[in-house]
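K.L.:
Here's a structure for you.
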Amino acid sequence: MPEPPRTLLSGVPQLAQTPGDMIRVGITYLDPDDGVKVNPTTVKFKYLDPNSRTPVTLTYGTDTALVRVSTGVYRVDLTLNEVGVWHARWEATGNYISAEEFSIQVAPSQFV
């Protein structure tokens, strides 16, 4: 089994977001031995908005919303249109295996 890549999450908001914000979340996959960027066989991004029980799954090569910026670097622009906690997950399978999860807080607005 291949050694898991090191992964770097970028664009994961630390503060509460506002309804209607579009955020860019990204990930970089690095070879664990030499730190060179690598493309996993399959890359998926999953997210669950606060009012849904079924996650949305985006797959690189199938869904245009999941973009490979360059070797090993992937991104998704996500519109936060619901108040509450959003959950998201990056998954890589095949030649490199990795999973990274995070959440995003969307605060209520006086204007929406």
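Numbering starts fresh at 1 for the residues of each chain in the structure tokens, the chains themselves are lettered A, B, ... in the order given, and ligands are numbered from 1 as they appear.
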Please build the interface table for range 1-103 of chain A against range 107-112 of chain A with a cut-off of 12 Å, listing for each qualifying residue the nearest atom pair and the distance in Å to one decimal; count only C-alpha atoms, order rows by chain and increasing number, and write it as JSON lines.
P.N.:
```
{"residue": "A:Leu15", "atom": "CA", "partner": "A:Ala107", "partner_atom": "CA", "distance": 9.5}
{"residue": "A:Ala16", "atom": "CA", "partner": "A:Ala107", "partner_atom": "CA", "distance": 5.8}
{"residue": "A:Gln17", "atom": "CA", "partner": "A:Ala107", "partner_atom": "CA", "distance": 6.0}
{"residue": "A:Thr18", "atom": "CA", "partner": "A:Ala107", "partner_atom": "CA", "distance": 5.7}
{"residue": "A:Pro19", "atom": "CA", "partner": "A:Ser109", "partner_atom": "CA", "distance": 6.9}
{"residue": "A:Gly20", "atom": "CA", "partner": "A:Val112", "partner_atom": "CA", "distance": 8.7}
{"residue": "A:Asp21", "atom": "CA", "partner": "A:Ala107", "partner_atom": "CA", "distance": 10.8}
{"residue": "A:Pro50", "atom": "CA", "partner": "A:Ala107", "partner_atom": "CA", "distance": 11.5}
{"residue": "A:Leu80", "atom": "CA", "partner": "A:Ala107", "partner_atom": "CA", "distance": 10.3}
{"residue": "A:Asn81", "atom": "CA", "partner": "A:Val112", "partner_atom": "CA", "distance": 9.9}
{"residue": "A:Glu82", "atom": "CA", "partner": "A:Pro108", "partner_atom": "CA", "distance": 8.9}
{"residue": "A:Val83", "atom": "CA", "partner": "A:Pro108", "partner_atom": "CA", "distance": 5.8}
{"residue": "A:Gly84", "atom": "CA", "partner": "A:Ala107", "partner_atom": "CA", "distance": 6.4}
{"residue": "A:Val85", "atom": "CA", "partner": "A:Ala107", "partner_atom": "CA", "distance": 8.6}
{"residue": "A:Trp86", "atom": "CA", "partner": "A:Ala107", "partner_atom": "CA", "distance": 11.0}
```
K.L.:
Please list as a ChimeraX atom specification every residue within 8 Å of Tyr47 in chain A, counting only C-alpha atoms and excluding residues in the same chain fewer than 3 positions away.
P.N.:
/A:55-57,86-89
K.L.:
Can you list, as a PyMOL selection string, every protein, DNA or RNA residue that comes within 10 Å of range 60-72 of chain A when you count only C-alpha atoms, leaving out same-chain residues fewer than 4 positions away?
P.N.:
chain A and resi 7+26-31+36-45+76-78
K.L.:
Store the residues picked out above, limited to C-alpha atoms, as an mmCIF file, in the first residue's frame.
P.N.:
```cif
data_model
loop_
_atom_site.group_PDB
_atom_site.id
_atom_site.type_symbol
_atom_site.label_atom_id
_atom_site.label_comp_id
_atom_site.auth_asym_id
_atom_site.auth_seq_id
_atom_site.Cartn_x
_atom_site.Cartn_y
_atom_site.Cartn_z
ATOM 1 C CA THR A 7 -1.862 17.252 2.519
ATOM 2 C CA GLY A 26 -8.305 24.048 -1.669
ATOM 3 C CA ILE A 27 -5.930 21.217 -0.972
ATOM 4 C CA THR A 28 -2.397 20.341 -2.033
ATOM 5 C CA TYR A 29 -1.148 16.747 -2.145
ATOM 6 C CA LEU A 30 2.573 16.210 -1.535
ATOM 7 C CA ASP A 31 4.700 13.072 -1.877
ATOM 8 C CA VAL A 36 6.915 17.068 -4.545
ATOM 9 C CA LYS A 37 3.296 17.754 -5.526
ATOM 10 C CA VAL A 38 1.427 14.656 -6.732
ATOM 11 C CA ASN A 39 -1.935 13.919 -8.342
ATOM 12 C CA PRO A 40 -3.909 11.165 -6.619
ATOM 13 C CA THR A 41 -5.749 8.782 -8.948
ATOM 14 C CA THR A 42 -9.117 10.106 -7.744
ATOM 15 C CA VAL A 43 -9.900 13.362 -5.922
ATOM 16 C CA LYS A 44 -13.340 14.082 -4.452
ATOM 17 C CA PHE A 45 -14.777 16.979 -2.481
ATOM 18 C CA VAL A 76 -13.653 24.314 -5.154
ATOM 19 C CA ASP A 77 -15.615 27.567 -4.946
ATOM 20 C CA LEU A 78 -18.457 27.016 -2.503
#
```
K.L.:
So how many Å separate CA of Ile104 in chain A and CA of Pro32 in chain A, to one decimal?
P.N.:
27.9 Å
K.L.:
Please report the interatomic distance between CA of Tyr96 in chain A and CA of Met22 in chain A in Å with one decimal.
P.N.:
29.1 Å
K.L.:
I need the strand (DSSP E) residues of chain A per DSSP on the backbone, written as JSON, numbers by chain.
P.N.:
{"A": [6, 7, 8, 9, 10, 21, 22, 23, 24, 25, 26, 27, 28, 29, 30, 42, 43, 44, 45, 46, 47, 48, 56, 57, 58, 59, 66, 67, 68, 69, 70, 73, 74, 75, 76, 77, 78, 79, 80, 84, 85, 86, 87, 88, 89, 90, 91, 92, 93, 98, 99, 100, 101, 102, 103, 104, 105, 106]}
K.L.:
Mind giving me the straight-line distance from CA of Val73 in chain A to CA of Phe102 in chain A in Å, one decimal?
P.N.:
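Spanning CA of Val73 in chain A to CA of Phe102 in chain A is a straight-line distance of 17.6 Å.
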K.L.:
With only C-alpha atoms as the atoms that count, which of A:Asp49, A:Arg24, A:Gly35, A:Thr79 lies nearest to Ser103 in chain A?
P.N.:
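Among A:Asp49, A:Arg24, A:Gly35, A:Thr79, it is A:Asp49 that comes nearest to Ser103 in chain A.
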